[in-house]
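Contents: one structure, followed by commentary.
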Amino acid sequence: MANFYKDNDDIKFLFNHIDLGVLSELMEEKYRFAKEFDYAPANAEEAKTNYQMVLDSLGQLSGDFIAARAEDVDRQGNTLNEDGSVSYADGIAEDLEKLAKAEVMGFTLPHRFGGLNFPNLIYSMAIEMVSRADASLMNIFGLQGIAETLNSFASEEIKQQYLHDFSAGKVTGAMVLTEPDAGSDLQAVKVKAYQDEDGNWLLHGVKRFITNGCGEVLLVMARSEADRTGGLGLSLFVCGQGPTVHIRRLEDKLGIHGSPTCEIFFDNTPCQLVGERQRGLVKYVMALMNGARIGIAGQSLGIAEATYRIARDYAASRKQFGTAIENFPAVKDMLIEMKIATEAGRSLLYETSRAVDMLIGYEKIEELNPPQDKQELKAIKNQSRKYKRLAAMLTPMSKYYCSEMSNTISYDAIQVLGGSGYMRDYACERHARDARITTIYEGTSQLQVVAAVRGVCSGTAEKYLTELADKKYNSELKDCLEKLTEGTDALKKSIVFVKKNGNDYMDLYGRALVDIAIDLILGYLFCEQASSDFDMQIPISAANGKADENTISMKQRKAMIAKRFISKNAPKIMALSELVCSGDKSSFTDYSSLVNPLVTE
Amino acid sequence: MAYNCVVMVKQVPDTQKITGQAMNEDGTVNRAALPAIFNPEDLNALEMALQIKEKLGGKVTVVTMGLPTAANVLRDSLYRGADEAILITDRKAAASDTLATSYIIGCAVRKLDYDIVLCGRQAIDGDTAQVGPQLAEKLGITQITYVEELLGLEGKDILVQRNVGNGWQQVKAKLPVLLTVTGDANEPRVTAAKKLMKYKNARTSIEVSGEIKAENPHADEVELAELTERKCKQLDENGMLIKVWDLDFLEADLNWCGRSGSPTKVHRIQSVVLTAKESREVEPTTAGISDMVHELIKDKTIA
């Protein structure tokens, strides 16, 4: 009997630390839905109770049911049947049935389509728990952004046709974007969309690496403007499965075996246009991808949490040289670093999700209920502009940080288990294989850095850091805050230097710049948690690794984390800043001499 | 054809979490020391009823007998998809053994329109597995115990598979019928999000009365009764009032209820402490298994 919500003190702490009242008021549009829907909350307190009860229920499903099937799912994988249909691994099929009954497949969809209308922040918590149980299931549970994209951009007719079924868990979806020659570079998409004599849209061409391409609802990006290359020639379409949709192969992958990755051939498939022509990539898919990136960050975090726990348990029970291996300095240090890194990833992901929710909330006010008062309207517009910039920077940061962290932790977990970790007897090797994709899909780490570094160098990061620095913190954190100020100065200096050296130079040192910015943001987030209005007592670890009778205040613990995290990162930030300001351009000047030429026979 | 299912559930102390204070000195269970949970196999019975409803239509009514706090398992049932919930509670029903209990709940079920009554195989506090079969006798209907799978339900015919210990038996019966369901029958669903959000506010009149009293510390009896009635009416209109039935309402013969209706006398309670000893490894070969089995027969672990 495990419950992945109840057994996670950090999630519970952050749930209470973050001001959910502001989010629920925005999502519920001042709780106006309570009159119409018997399950919609009437006030902030009720909304919070709802979030907590649903997380608790999903935590139980994840801990008891989904986690128990993950190993078999990994071994069995999916099957492409002779008739072209795809069968999920037994466990995935059972999981999906239970998720549908748990009424959590329309997490963020509006009430009127049977959804829960929850904020993205709560959805991120849910994705983390499901991924901790089975990372591959996230690729279906966490794809609710497809329905959300239809909700944001499609016609009422299309919404009515699909969204109720999404909420009821009767259908799942796929984002059908990638092609053999269009991976990171989606502007190169070639699949053709054309109209017949009656004006009906049809699709033709091949899509590859499509996660859950066997899903019932396919969101397909295709070239609707035959004469136009690039992003403006692309539109978004929706279609179902049918005789003209052929799944030609399933990929044989390193990890996430429960998630079917399909190659699809569209043989003149009837489809419907979503929204307006030519806005497919530039608007709709960008929105879709941003949601998906947050989803992958949650998936990464879930994997990290799962594998850290195995390492932590093993280190307490495995005895060598007459003592538990957790008593050796090197192992101790690894475990602490792993634990802090998961909490750091969680802090960043939740902060990002919160920013996205604030953006959605303010945009909704602007669109549906703009205040009459000019000053008020201006204030709302300022807020949505602010959160738009912040979300645009934090989203790639979260995806980059969490996925890289997940890979590091899953390798370290294997290291803690030693030879046993390399064997399939423990789940660590599965977690490492599952983690590996997270830095690749929905935009590689390199692309996330390109996106994030624009925010870092355009003033968004500086503004945000100033805002964070101006908050009220506990006095015991004075030294930490001073170090963060020094770090921020180093970042500013680096940005000035980079700007003088042009865009190529910025991309060359993008990772270093983004790393500095993330470490500073995380430092402040930990300080905020240590200064929270909320506190709770959690047990400390006894000599045998079990929960001790003694407890510690979570705020006190977060202050310990803040001190350790900030002081260990301070020299790293200085070193990175020095590197950025070195002016070294040898990657450009010496490339042809430093890499070897291709060998031709 | 749609079927009306009545599911009997029980709130039990979580015997998985036994500590030193689990038993009172007189040998009864110290309920305060253990968290109260939904009896696990009752969840399997509920799941089977919900699956019948989803496939064939009909209604699922959940009934429990217990303390007023047993409303928690009823709310839990509503969260999972039950249509109606009824709490039987009465001080005069205290100390009822399985016979008295089955008499009382029999009076309640008779008031309901039912095709199938489902019970968990047994409750983890008493482990008697008697209430289900006794209830069938009280109702005068067919009972099929240890049900693991529902194989068919059409018209007035039901076909199930039951575990008979050393094998399985398929039984066909005419409705109405009472089933006791085992933990192997299915994997109970978790609580559903929208139902949680809705029914978290469902209350029994007893709970409403308690809450009103706490909220209005200075109100007199009459005012309290008035406020309670108003709130209950409001809940009832929204389908959020959990029914409470007492022995008067059930028109139960008090001689058959509570202590006077309970012939069971506890003769002696023995505290059995199992201590783990060192483990032994058995070779995974025919010879290894054979040796182990012979040894177990010799020390009378298995007969």
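Naming works like this for the structure tokens: A, B, ... for the chains as they're shown, residue 1 at the start of each chain, ligands 1 onward in shown order.
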Could you name the residues that touch stretch 192-207 of chain B at 8 Å or less, counting only C-alpha atoms, but leaving out those on the same chain fewer than 2 positions away, as a VMD selection string? (chain A and resid 38 to 41 50 53 to 54 57 101 to 104 116) or (chain B and resid 68 71 75 78 to 81 190 209 to 211 228 232 235 240 to 244)
Pull the closest atom pair for each residue of stretch 420-466 of chain A that gets at most 9 Å from stretch 498-506 of chain A, along with the distance in Å to one decimal, counting only C-alpha atoms, ordering rows by chain and then ascending residue number, as a tab-separated table.
residue	atom	partner	partner_atom	distance
A:Val450	CA	A:Met506	CA	8.8
A:Val453	CA	A:Met506	CA	7.7
A:Arg454	CA	A:Met506	CA	8.8
A:Cys457	CA	A:Lys499	CA	7.7
Would you give me, as number ranges by chain, the residues in stretch 263-500 of chain A that DSSP reads as helix (DSSP H, G or I)? A: 280-317, 325-327, 329-368, 374-417, 419-422, 428-439, 445-457, 460-469, 475-500
Residues of chain A at most 12 Å from chain B: nearest atom pair and distance in Å, only C-alpha atoms, as JSON lines:
{"residue": "A:Met1", "atom": "CA", "partner": "B:Gln16", "partner_atom": "CA", "distance": 10.3}
{"residue": "A:Asn3", "atom": "CA", "partner": "B:Val190", "partner_atom": "CA", "distance": 11.6}
{"residue": "A:Ala34", "atom": "CA", "partner": "B:Lys198", "partner_atom": "CA", "distance": 10.5}
{"residue": "A:Phe37", "atom": "CA", "partner": "B:Lys198", "partner_atom": "CA", "distance": 9.1}
{"residue": "A:Asp38", "atom": "CA", "partner": "B:Lys198", "partner_atom": "CA", "distance": 5.9}
{"residue": "A:Tyr39", "atom": "CA", "partner": "B:Lys198", "partner_atom": "CA", "distance": 4.3}
{"residue": "A:Ala40", "atom": "CA", "partner": "B:Met197", "partner_atom": "CA", "distance": 7.2}
{"residue": "A:Pro41", "atom": "CA", "partner": "B:Met197", "partner_atom": "CA", "distance": 7.7}
{"residue": "A:Ala42", "atom": "CA", "partner": "B:Met197", "partner_atom": "CA", "distance": 11.0}
{"residue": "A:Glu46", "atom": "CA", "partner": "B:Met197", "partner_atom": "CA", "distance": 8.6}
{"residue": "A:Ala47", "atom": "CA", "partner": "B:Met197", "partner_atom": "CA", "distance": 8.7}
{"residue": "A:Lys48", "atom": "CA", "partner": "B:Met197", "partner_atom": "CA", "distance": 10.4}
{"residue": "A:Thr49", "atom": "CA", "partner": "B:Met197", "partner_atom": "CA", "distance": 8.2}
{"residue": "A:Asn50", "atom": "CA", "partner": "B:Met197", "partner_atom": "CA", "distance": 5.5}
{"residue": "A:Tyr51", "atom": "CA", "partner": "B:Met197", "partner_atom": "CA", "distance": 8.7}
{"residue": "A:Gln52", "atom": "CA", "partner": "B:Met197", "partner_atom": "CA", "distance": 10.1}
{"residue": "A:Met53", "atom": "CA", "partner": "B:Leu196", "partner_atom": "CA", "distance": 7.0}
{"residue": "A:Val54", "atom": "CA", "partner": "B:Ala193", "partner_atom": "CA", "distance": 5.4}
{"residue": "A:Leu55", "atom": "CA", "partner": "B:Ala193", "partner_atom": "CA", "distance": 8.9}
{"residue": "A:Asp56", "atom": "CA", "partner": "B:Thr191", "partner_atom": "CA", "distance": 9.4}
{"residue": "A:Ser57", "atom": "CA", "partner": "B:Thr191", "partner_atom": "CA", "distance": 6.0}
{"residue": "A:Leu58", "atom": "CA", "partner": "B:Val190", "partner_atom": "CA", "distance": 7.7}
{"residue": "A:Gly59", "atom": "CA", "partner": "B:Val190", "partner_atom": "CA", "distance": 9.8}
{"residue": "A:Gln60", "atom": "CA", "partner": "B:Val190", "partner_atom": "CA", "distance": 7.5}
{"residue": "A:Leu61", "atom": "CA", "partner": "B:Val190", "partner_atom": "CA", "distance": 6.3}
{"residue": "A:Ser62", "atom": "CA", "partner": "B:Val190", "partner_atom": "CA", "distance": 10.1}
{"residue": "A:Gly63", "atom": "CA", "partner": "B:Val190", "partner_atom": "CA", "distance": 11.4}
{"residue": "A:Asp64", "atom": "CA", "partner": "B:Val190", "partner_atom": "CA", "distance": 10.0}
{"residue": "A:Phe65", "atom": "CA", "partner": "B:Glu187", "partner_atom": "CA", "distance": 8.5}
{"residue": "A:Ile66", "atom": "CA", "partner": "B:Glu187", "partner_atom": "CA", "distance": 11.6}
{"residue": "A:Glu94", "atom": "CA", "partner": "B:Glu187", "partner_atom": "CA", "distance": 10.0}
{"residue": "A:Asp95", "atom": "CA", "partner": "B:Arg189", "partner_atom": "CA", "distance": 10.4}
{"residue": "A:Leu96", "atom": "CA", "partner": "B:Arg189", "partner_atom": "CA", "distance": 11.6}
{"residue": "A:Glu97", "atom": "CA", "partner": "B:Arg189", "partner_atom": "CA", "distance": 9.3}
{"residue": "A:Lys98", "atom": "CA", "partner": "B:Arg189", "partner_atom": "CA", "distance": 6.2}
{"residue": "A:Leu99", "atom": "CA", "partner": "B:Val190", "partner_atom": "CA", "distance": 8.8}
{"residue": "A:Ala100", "atom": "CA", "partner": "B:Ala192", "partner_atom": "CA", "distance": 8.7}
{"residue": "A:Lys101", "atom": "CA", "partner": "B:Ala192", "partner_atom": "CA", "distance": 6.3}
{"residue": "A:Ala102", "atom": "CA", "partner": "B:Ala192", "partner_atom": "CA", "distance": 4.0}
{"residue": "A:Glu103", "atom": "CA", "partner": "B:Ala193", "partner_atom": "CA", "distance": 5.2}
{"residue": "A:Val104", "atom": "CA", "partner": "B:Ala193", "partner_atom": "CA", "distance": 6.4}
{"residue": "A:Met105", "atom": "CA", "partner": "B:Ala193", "partner_atom": "CA", "distance": 9.8}
{"residue": "A:Gly106", "atom": "CA", "partner": "B:Ala193", "partner_atom": "CA", "distance": 10.1}
{"residue": "A:Phe107", "atom": "CA", "partner": "B:Ala193", "partner_atom": "CA", "distance": 9.3}
{"residue": "A:His111", "atom": "CA", "partner": "B:Lys194", "partner_atom": "CA", "distance": 9.8}
{"residue": "A:Gly114", "atom": "CA", "partner": "B:Lys194", "partner_atom": "CA", "distance": 8.7}
{"residue": "A:Gly115", "atom": "CA", "partner": "B:Lys194", "partner_atom": "CA", "distance": 8.5}
{"residue": "A:Leu116", "atom": "CA", "partner": "B:Lys194", "partner_atom": "CA", "distance": 7.0}
{"residue": "A:Asn117", "atom": "CA", "partner": "B:Lys194", "partner_atom": "CA", "distance": 10.6}
{"residue": "A:Phe118", "atom": "CA", "partner": "B:Ala193", "partner_atom": "CA", "distance": 10.9}
{"residue": "A:Ser167", "atom": "CA", "partner": "B:Lys194", "partner_atom": "CA", "distance": 10.8}
{"residue": "A:Ala168", "atom": "CA", "partner": "B:Lys194", "partner_atom": "CA", "distance": 10.9}
For the residues selected in the previous step, produce a file with N, CA and C atoms as a compact mmCIF listing (two decimals), in the first residue's frame.
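Once written, again-v3.txt looks like this:
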# COMPACT_ATOMS: atom_id res chain seq x y z
N MET A 1 0.84 -1.19 0.00
CA MET A 1 0.00 0.00 0.00
C MET A 1 0.88 1.25 0.00
N ASN A 3 1.32 5.33 -1.39
CA ASN A 3 0.62 6.49 -1.92
C ASN A 3 1.67 7.54 -2.24
N ALA A 34 -19.35 27.39 -9.88
CA ALA A 34 -19.97 26.57 -8.82
C ALA A 34 -21.48 26.48 -8.98
N PHE A 37 -21.95 23.76 -12.07
CA PHE A 37 -21.42 22.40 -11.99
C PHE A 37 -21.30 21.99 -10.53
N ASP A 38 -21.91 20.84 -10.19
CA ASP A 38 -21.97 20.49 -8.77
C ASP A 38 -20.60 20.11 -8.19
N TYR A 39 -19.61 19.94 -9.04
CA TYR A 39 -18.30 19.61 -8.50
C TYR A 39 -17.31 20.77 -8.57
N ALA A 40 -17.73 21.90 -9.11
CA ALA A 40 -16.83 23.07 -9.17
C ALA A 40 -16.79 23.75 -7.81
N PRO A 41 -15.61 24.24 -7.40
CA PRO A 41 -15.49 24.81 -6.07
C PRO A 41 -16.14 26.18 -5.95
N ALA A 42 -16.60 26.52 -4.74
CA ALA A 42 -17.26 27.80 -4.51
C ALA A 42 -16.32 28.82 -3.89
N GLU A 46 -12.24 25.49 -0.78
CA GLU A 46 -12.80 24.29 -1.37
C GLU A 46 -11.96 23.82 -2.56
N ALA A 47 -11.48 24.78 -3.34
CA ALA A 47 -10.64 24.42 -4.48
C ALA A 47 -9.40 23.67 -4.00
N LYS A 48 -8.81 24.17 -2.93
CA LYS A 48 -7.61 23.55 -2.40
C LYS A 48 -7.89 22.13 -1.90
N THR A 49 -9.03 21.98 -1.22
CA THR A 49 -9.44 20.64 -0.77
C THR A 49 -9.59 19.71 -1.97
N ASN A 50 -10.20 20.22 -3.04
CA ASN A 50 -10.37 19.41 -4.24
C ASN A 50 -9.02 18.95 -4.79
N TYR A 51 -8.10 19.91 -4.92
CA TYR A 51 -6.78 19.56 -5.46
C TYR A 51 -6.14 18.47 -4.62
N GLN A 52 -6.22 18.68 -3.32
CA GLN A 52 -5.54 17.77 -2.42
C GLN A 52 -6.17 16.37 -2.46
N MET A 53 -7.49 16.30 -2.49
CA MET A 53 -8.17 15.00 -2.52
C MET A 53 -7.86 14.24 -3.81
N VAL A 54 -7.83 14.98 -4.92
CA VAL A 54 -7.58 14.31 -6.20
C VAL A 54 -6.12 13.83 -6.27
N LEU A 55 -5.19 14.64 -5.76
CA LEU A 55 -3.79 14.22 -5.74
C LEU A 55 -3.62 12.98 -4.86
N ASP A 56 -4.32 12.96 -3.75
CA ASP A 56 -4.26 11.83 -2.84
C ASP A 56 -4.75 10.55 -3.54
N SER A 57 -5.87 10.68 -4.23
CA SER A 57 -6.44 9.53 -4.93
C SER A 57 -5.51 9.04 -6.05
N LEU A 58 -4.97 9.99 -6.81
CA LEU A 58 -4.06 9.63 -7.89
C LEU A 58 -2.74 9.09 -7.33
N GLY A 59 -2.35 9.61 -6.17
CA GLY A 59 -1.15 9.11 -5.51
C GLY A 59 -1.29 7.65 -5.13
N GLN A 60 -2.49 7.28 -4.71
CA GLN A 60 -2.76 5.89 -4.36
C GLN A 60 -2.76 5.01 -5.60
N LEU A 61 -3.42 5.48 -6.65
CA LEU A 61 -3.44 4.70 -7.89
C LEU A 61 -2.02 4.51 -8.41
N SER A 62 -1.21 5.56 -8.35
CA SER A 62 0.16 5.48 -8.83
C SER A 62 0.97 4.50 -7.99
N GLY A 63 0.86 4.63 -6.68
CA GLY A 63 1.67 3.82 -5.77
C GLY A 63 1.27 2.36 -5.74
N ASP A 64 -0.04 2.11 -5.75
CA ASP A 64 -0.52 0.74 -5.61
C ASP A 64 -0.63 0.00 -6.92
N PHE A 65 -1.14 0.66 -7.90
CA PHE A 65 -1.57 -0.05 -9.11
C PHE A 65 -0.56 0.12 -10.26
N ILE A 66 -0.29 1.38 -10.60
CA ILE A 66 0.56 1.65 -11.77
C ILE A 66 1.98 1.16 -11.54
N GLU A 94 -4.45 -1.56 -18.66
CA GLU A 94 -5.14 -1.57 -17.36
C GLU A 94 -5.02 -0.22 -16.67
N ASP A 95 -3.82 0.37 -16.75
CA ASP A 95 -3.61 1.69 -16.14
C ASP A 95 -4.57 2.72 -16.73
N LEU A 96 -4.71 2.70 -18.06
CA LEU A 96 -5.55 3.70 -18.72
C LEU A 96 -7.01 3.55 -18.32
N GLU A 97 -7.42 2.30 -18.15
CA GLU A 97 -8.79 2.06 -17.72
C GLU A 97 -9.01 2.64 -16.32
N LYS A 98 -8.05 2.41 -15.44
CA LYS A 98 -8.17 2.93 -14.07
C LYS A 98 -8.11 4.46 -14.05
N LEU A 99 -7.24 5.03 -14.88
CA LEU A 99 -7.14 6.50 -14.93
C LEU A 99 -8.45 7.11 -15.41
N ALA A 100 -9.08 6.45 -16.38
CA ALA A 100 -10.36 6.95 -16.88
C ALA A 100 -11.39 6.93 -15.76
N LYS A 101 -11.43 5.81 -15.01
CA LYS A 101 -12.39 5.70 -13.91
C LYS A 101 -12.09 6.70 -12.81
N ALA A 102 -10.81 7.05 -12.66
CA ALA A 102 -10.43 8.04 -11.64
C ALA A 102 -10.77 9.45 -12.10
N GLU A 103 -11.26 9.60 -13.32
CA GLU A 103 -11.70 10.90 -13.86
C GLU A 103 -10.58 11.93 -13.88
N VAL A 104 -9.39 11.50 -14.30
CA VAL A 104 -8.26 12.43 -14.30
C VAL A 104 -7.68 12.64 -15.70
N MET A 105 -8.44 12.27 -16.74
CA MET A 105 -7.91 12.43 -18.10
C MET A 105 -8.29 13.77 -18.72
N GLY A 106 -9.01 14.58 -17.97
CA GLY A 106 -9.31 15.94 -18.44
C GLY A 106 -8.88 16.93 -17.35
N PHE A 107 -7.64 16.80 -16.94
CA PHE A 107 -7.14 17.50 -15.76
C PHE A 107 -7.33 19.01 -15.84
N HIS A 111 -14.76 22.76 -17.13
CA HIS A 111 -15.87 21.95 -16.61
C HIS A 111 -16.85 21.56 -17.70
N GLY A 114 -16.44 18.41 -19.19
CA GLY A 114 -16.26 17.30 -18.25
C GLY A 114 -14.88 17.28 -17.61
N GLY A 115 -14.10 18.35 -17.79
CA GLY A 115 -12.76 18.39 -17.22
C GLY A 115 -12.78 18.88 -15.78
N LEU A 116 -11.60 18.84 -15.14
CA LEU A 116 -11.50 19.26 -13.75
C LEU A 116 -11.19 20.75 -13.62
N ASN A 117 -10.70 21.35 -14.72
CA ASN A 117 -10.35 22.78 -14.71
C ASN A 117 -9.28 23.08 -13.66
N PHE A 118 -8.35 22.14 -13.46
CA PHE A 118 -7.28 22.34 -12.49
C PHE A 118 -6.16 23.17 -13.10
N SER A 167 -11.97 13.88 -21.72
CA SER A 167 -12.18 13.94 -20.27
C SER A 167 -12.63 12.60 -19.70
N ALA A 168 -13.46 11.91 -20.47
CA ALA A 168 -13.99 10.63 -19.99
C ALA A 168 -12.96 9.51 -20.12
Using only C-alpha atoms, determine which residues lie at most 9 Å from stretch 137-143 of chain A, disregarding the query and same-chain residues fewer than 4 positions distant; provide the list as a PyMOL selection string. chain A and resi 66+70+92+95-96+99+104-105+123-124+126-128+130-131+133+147+172-175+211-212+215+256+258-260+291-292+295-296+298-299
Just-selected residues, N, CA and C atoms written as a CSV table (one decimal), in the first residue's frame:
chain,number,residue,atom,x,y,z
A,66,ILE,N,-0.3,1.4,-10.6
A,66,ILE,CA,0.6,1.6,-11.8
A,66,ILE,C,2.0,1.2,-11.5
A,70,ALA,N,4.8,-1.6,-13.7
A,70,ALA,CA,5.8,-0.9,-14.6
A,70,ALA,C,6.8,-1.9,-15.1
A,92,ILE,N,-0.3,-1.1,-19.3
A,92,ILE,CA,-0.7,0.2,-19.8
A,92,ILE,C,-2.2,0.2,-20.0
A,95,ASP,N,-3.8,0.4,-16.8
A,95,ASP,CA,-3.6,1.7,-16.1
A,95,ASP,C,-4.6,2.7,-16.7
A,96,LEU,N,-4.7,2.7,-18.1
A,96,LEU,CA,-5.6,3.7,-18.7
A,96,LEU,C,-7.0,3.5,-18.3
A,99,LEU,N,-7.2,5.0,-14.9
A,99,LEU,CA,-7.1,6.5,-14.9
A,99,LEU,C,-8.4,7.1,-15.4
A,104,VAL,N,-9.4,11.5,-14.3
A,104,VAL,CA,-8.3,12.4,-14.3
A,104,VAL,C,-7.7,12.6,-15.7
A,105,MET,N,-8.4,12.3,-16.7
A,105,MET,CA,-7.9,12.4,-18.1
A,105,MET,C,-8.3,13.8,-18.7
A,123,TYR,N,-1.5,19.8,-12.2
A,123,TYR,CA,-1.2,18.8,-13.2
A,123,TYR,C,0.2,18.3,-13.2
A,124,SER,N,1.2,19.3,-13.0
A,124,SER,CA,2.6,18.9,-12.9
A,124,SER,C,2.8,18.0,-11.7
A,126,ALA,N,0.7,15.9,-10.6
A,126,ALA,CA,0.1,14.6,-11.0
A,126,ALA,C,1.0,13.9,-11.9
A,127,ILE,N,1.6,14.6,-12.9
A,127,ILE,CA,2.5,14.0,-13.8
A,127,ILE,C,3.7,13.4,-13.1
A,128,GLU,N,4.2,14.1,-12.2
A,128,GLU,CA,5.4,13.6,-11.4
A,128,GLU,C,5.0,12.3,-10.7
A,130,VAL,N,2.6,10.1,-11.5
A,130,VAL,CA,2.4,9.0,-12.4
A,130,VAL,C,3.7,8.5,-13.0
A,131,SER,N,4.6,9.5,-13.3
A,131,SER,CA,5.9,9.1,-13.9
A,131,SER,C,6.8,8.4,-12.9
A,133,ALA,N,5.7,6.3,-10.9
A,133,ALA,CA,5.2,4.9,-11.0
A,133,ALA,C,5.6,4.2,-12.3
A,147,ALA,N,-5.6,17.8,-26.0
A,147,ALA,CA,-6.9,18.3,-25.8
A,147,ALA,C,-7.0,19.8,-25.5
A,172,THR,N,-7.4,8.8,-26.4
A,172,THR,CA,-6.1,9.4,-26.2
A,172,THR,C,-5.7,10.0,-27.4
A,173,GLY,N,-4.7,10.9,-27.3
A,173,GLY,CA,-4.3,11.6,-28.5
A,173,GLY,C,-2.8,11.5,-28.8
A,174,ALA,N,-2.4,12.1,-30.0
A,174,ALA,CA,-1.0,12.1,-30.3
A,174,ALA,C,-0.7,13.4,-31.0
A,175,MET,N,0.5,14.0,-30.8
A,175,MET,CA,1.0,15.2,-31.5
A,175,MET,C,1.8,14.7,-32.6
A,211,THR,N,4.8,9.6,-30.8
A,211,THR,CA,4.4,9.0,-29.5
A,211,THR,C,2.9,8.8,-29.5
A,212,ASN,N,2.5,7.6,-29.2
A,212,ASN,CA,1.1,7.2,-29.1
A,212,ASN,C,0.4,7.5,-30.4
A,215,GLY,N,-3.1,6.5,-31.0
A,215,GLY,CA,-4.2,7.1,-30.3
A,215,GLY,C,-5.4,7.5,-31.2
A,256,ILE,N,11.3,3.9,-22.1
A,256,ILE,CA,9.9,4.1,-22.1
A,256,ILE,C,9.2,3.1,-23.0
A,258,GLY,N,6.7,1.3,-22.6
A,258,GLY,CA,5.2,1.3,-22.6
A,258,GLY,C,4.6,2.3,-23.5
A,259,SER,N,5.4,3.2,-24.0
A,259,SER,CA,4.9,4.2,-24.9
A,259,SER,C,5.1,3.9,-26.3
A,260,PRO,N,4.1,3.6,-27.1
A,260,PRO,CA,4.3,3.2,-28.5
A,260,PRO,C,4.8,4.4,-29.4
A,291,GLY,N,3.6,23.3,-23.4
A,291,GLY,CA,2.9,22.5,-22.4
A,291,GLY,C,3.6,21.1,-22.3
A,292,ALA,N,4.0,20.6,-23.5
A,292,ALA,CA,4.7,19.3,-23.5
A,292,ALA,C,6.0,19.3,-22.8
A,295,GLY,N,5.5,19.0,-19.2
A,295,GLY,CA,5.2,17.6,-19.0
A,295,GLY,C,6.4,16.8,-18.9
A,296,ILE,N,7.4,17.0,-19.8
A,296,ILE,CA,8.6,16.2,-19.8
A,296,ILE,C,9.4,16.5,-18.5
A,298,GLY,N,8.1,17.2,-15.7
A,298,GLY,CA,7.5,16.4,-14.6
A,298,GLY,C,7.8,15.0,-14.7
A,299,GLN,N,7.9,14.5,-15.9
A,299,GLN,CA,8.3,13.1,-16.2
A,299,GLN,C,9.7,12.8,-15.6
Backbone DSSP call of strand (DSSP E) for stretch 107-140 of chain B, listed as a count of residues only: 5
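Among the candidates B:Lys138, B:His218, B:Met48, B:Glu281, the residue lying nearest to B:Ala100 is B:Lys138 (atoms considered: only C-alpha atoms).
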Which neighbours of B:Ser262 fall inside 7 Å, counting only C-alpha atoms, when residues of the same chain fewer than 4 positions from it are skipped, and could you give them as a list in words?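 Once the nearby chain positions are removed, what remains is Ser96, Asp97, Leu99, Ala100 and Gly258 of chain B.
The space separating atom CA of A:Leu236 from atom CA of A:Glu29 comes to 29.1 Å.
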Residue contacts of stretch 181-183 of chain B (10 Å, only C-alpha atoms) excluding same-chain residues fewer than 4 positions away, as a PyMOL selection string: chain B and resi 40-48+118-122+132+144-150+162-163+187-188
Put those residues in a file: C-alpha atoms, as a CSV table (one decimal), in the first residue's frame.
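Writing the result to part-v1.csv gives the following:
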chain,number,residue,atom,x,y,z
B,40,PRO,CA,-10.7,-4.4,1.8
B,41,GLU,CA,-12.9,-7.2,0.4
B,42,ASP,CA,-15.9,-4.9,0.6
B,43,LEU,CA,-14.1,-2.8,-2.0
B,44,ASN,CA,-14.0,-5.8,-4.2
B,45,ALA,CA,-17.8,-6.3,-3.7
B,46,LEU,CA,-18.4,-2.7,-4.6
B,47,GLU,CA,-16.2,-2.9,-7.6
B,48,MET,CA,-18.1,-5.9,-8.9
B,118,LEU,CA,-22.9,-8.2,-2.6
B,119,CYS,CA,-20.7,-8.6,0.5
B,120,GLY,CA,-17.0,-8.9,0.9
B,121,ARG,CA,-15.9,-12.4,1.8
B,122,GLN,CA,-15.1,-11.4,5.3
B,132,GLY,CA,-22.9,-12.6,4.3
B,144,ILE,CA,-22.9,-18.0,-3.5
B,145,THR,CA,-19.8,-17.5,-1.4
B,146,TYR,CA,-16.1,-17.0,-2.3
B,147,VAL,CA,-17.0,-15.5,-5.7
B,148,GLU,CA,-13.9,-14.8,-7.8
B,149,GLU,CA,-15.5,-13.9,-11.1
B,150,LEU,CA,-18.8,-13.0,-12.6
B,162,ARG,CA,-16.2,-19.5,-6.9
B,163,ASN,CA,-13.1,-20.6,-5.2
B,187,GLU,CA,-8.7,-4.6,-8.5
B,188,PRO,CA,-10.9,-2.0,-6.9
Write out as number ranges by chain each polymer residue whose atoms come within 9 Å of stretch 467-482 of chain A, counting only C-alpha atoms; drop sequence neighbours fewer than 6 positions from it. A: 521, 523-525, 527-528, 530-532, 559, 562-563, 566-567
With only C-alpha atoms as the counted atoms, please give the residues lying no more than 8 Å from B:Ala22, apart from itself and same-chain residues fewer than 5 positions off, as a ChimeraX atom specification. /B:29-31,33-34
With N, CA and C atoms retained, could you export that selection as a compact mmCIF listing (two decimals), in the first residue's frame?
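What ended up in out-v2.txt:
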# COMPACT_ATOMS: atom_id res chain seq x y z
N VAL B 29 -11.14 -5.48 20.60
CA VAL B 29 -10.25 -4.66 19.78
C VAL B 29 -10.32 -3.20 20.26
N ASN B 30 -9.16 -2.60 20.45
CA ASN B 30 -9.10 -1.19 20.80
C ASN B 30 -9.16 -0.36 19.52
N ARG B 31 -10.38 0.04 19.14
CA ARG B 31 -10.56 0.69 17.84
C ARG B 31 -9.85 2.04 17.77
N ALA B 33 -6.95 2.77 18.76
CA ALA B 33 -5.51 2.68 18.50
C ALA B 33 -5.19 2.42 17.02
N LEU B 34 -6.21 2.07 16.26
CA LEU B 34 -5.96 1.71 14.87
C LEU B 34 -6.76 2.62 13.94
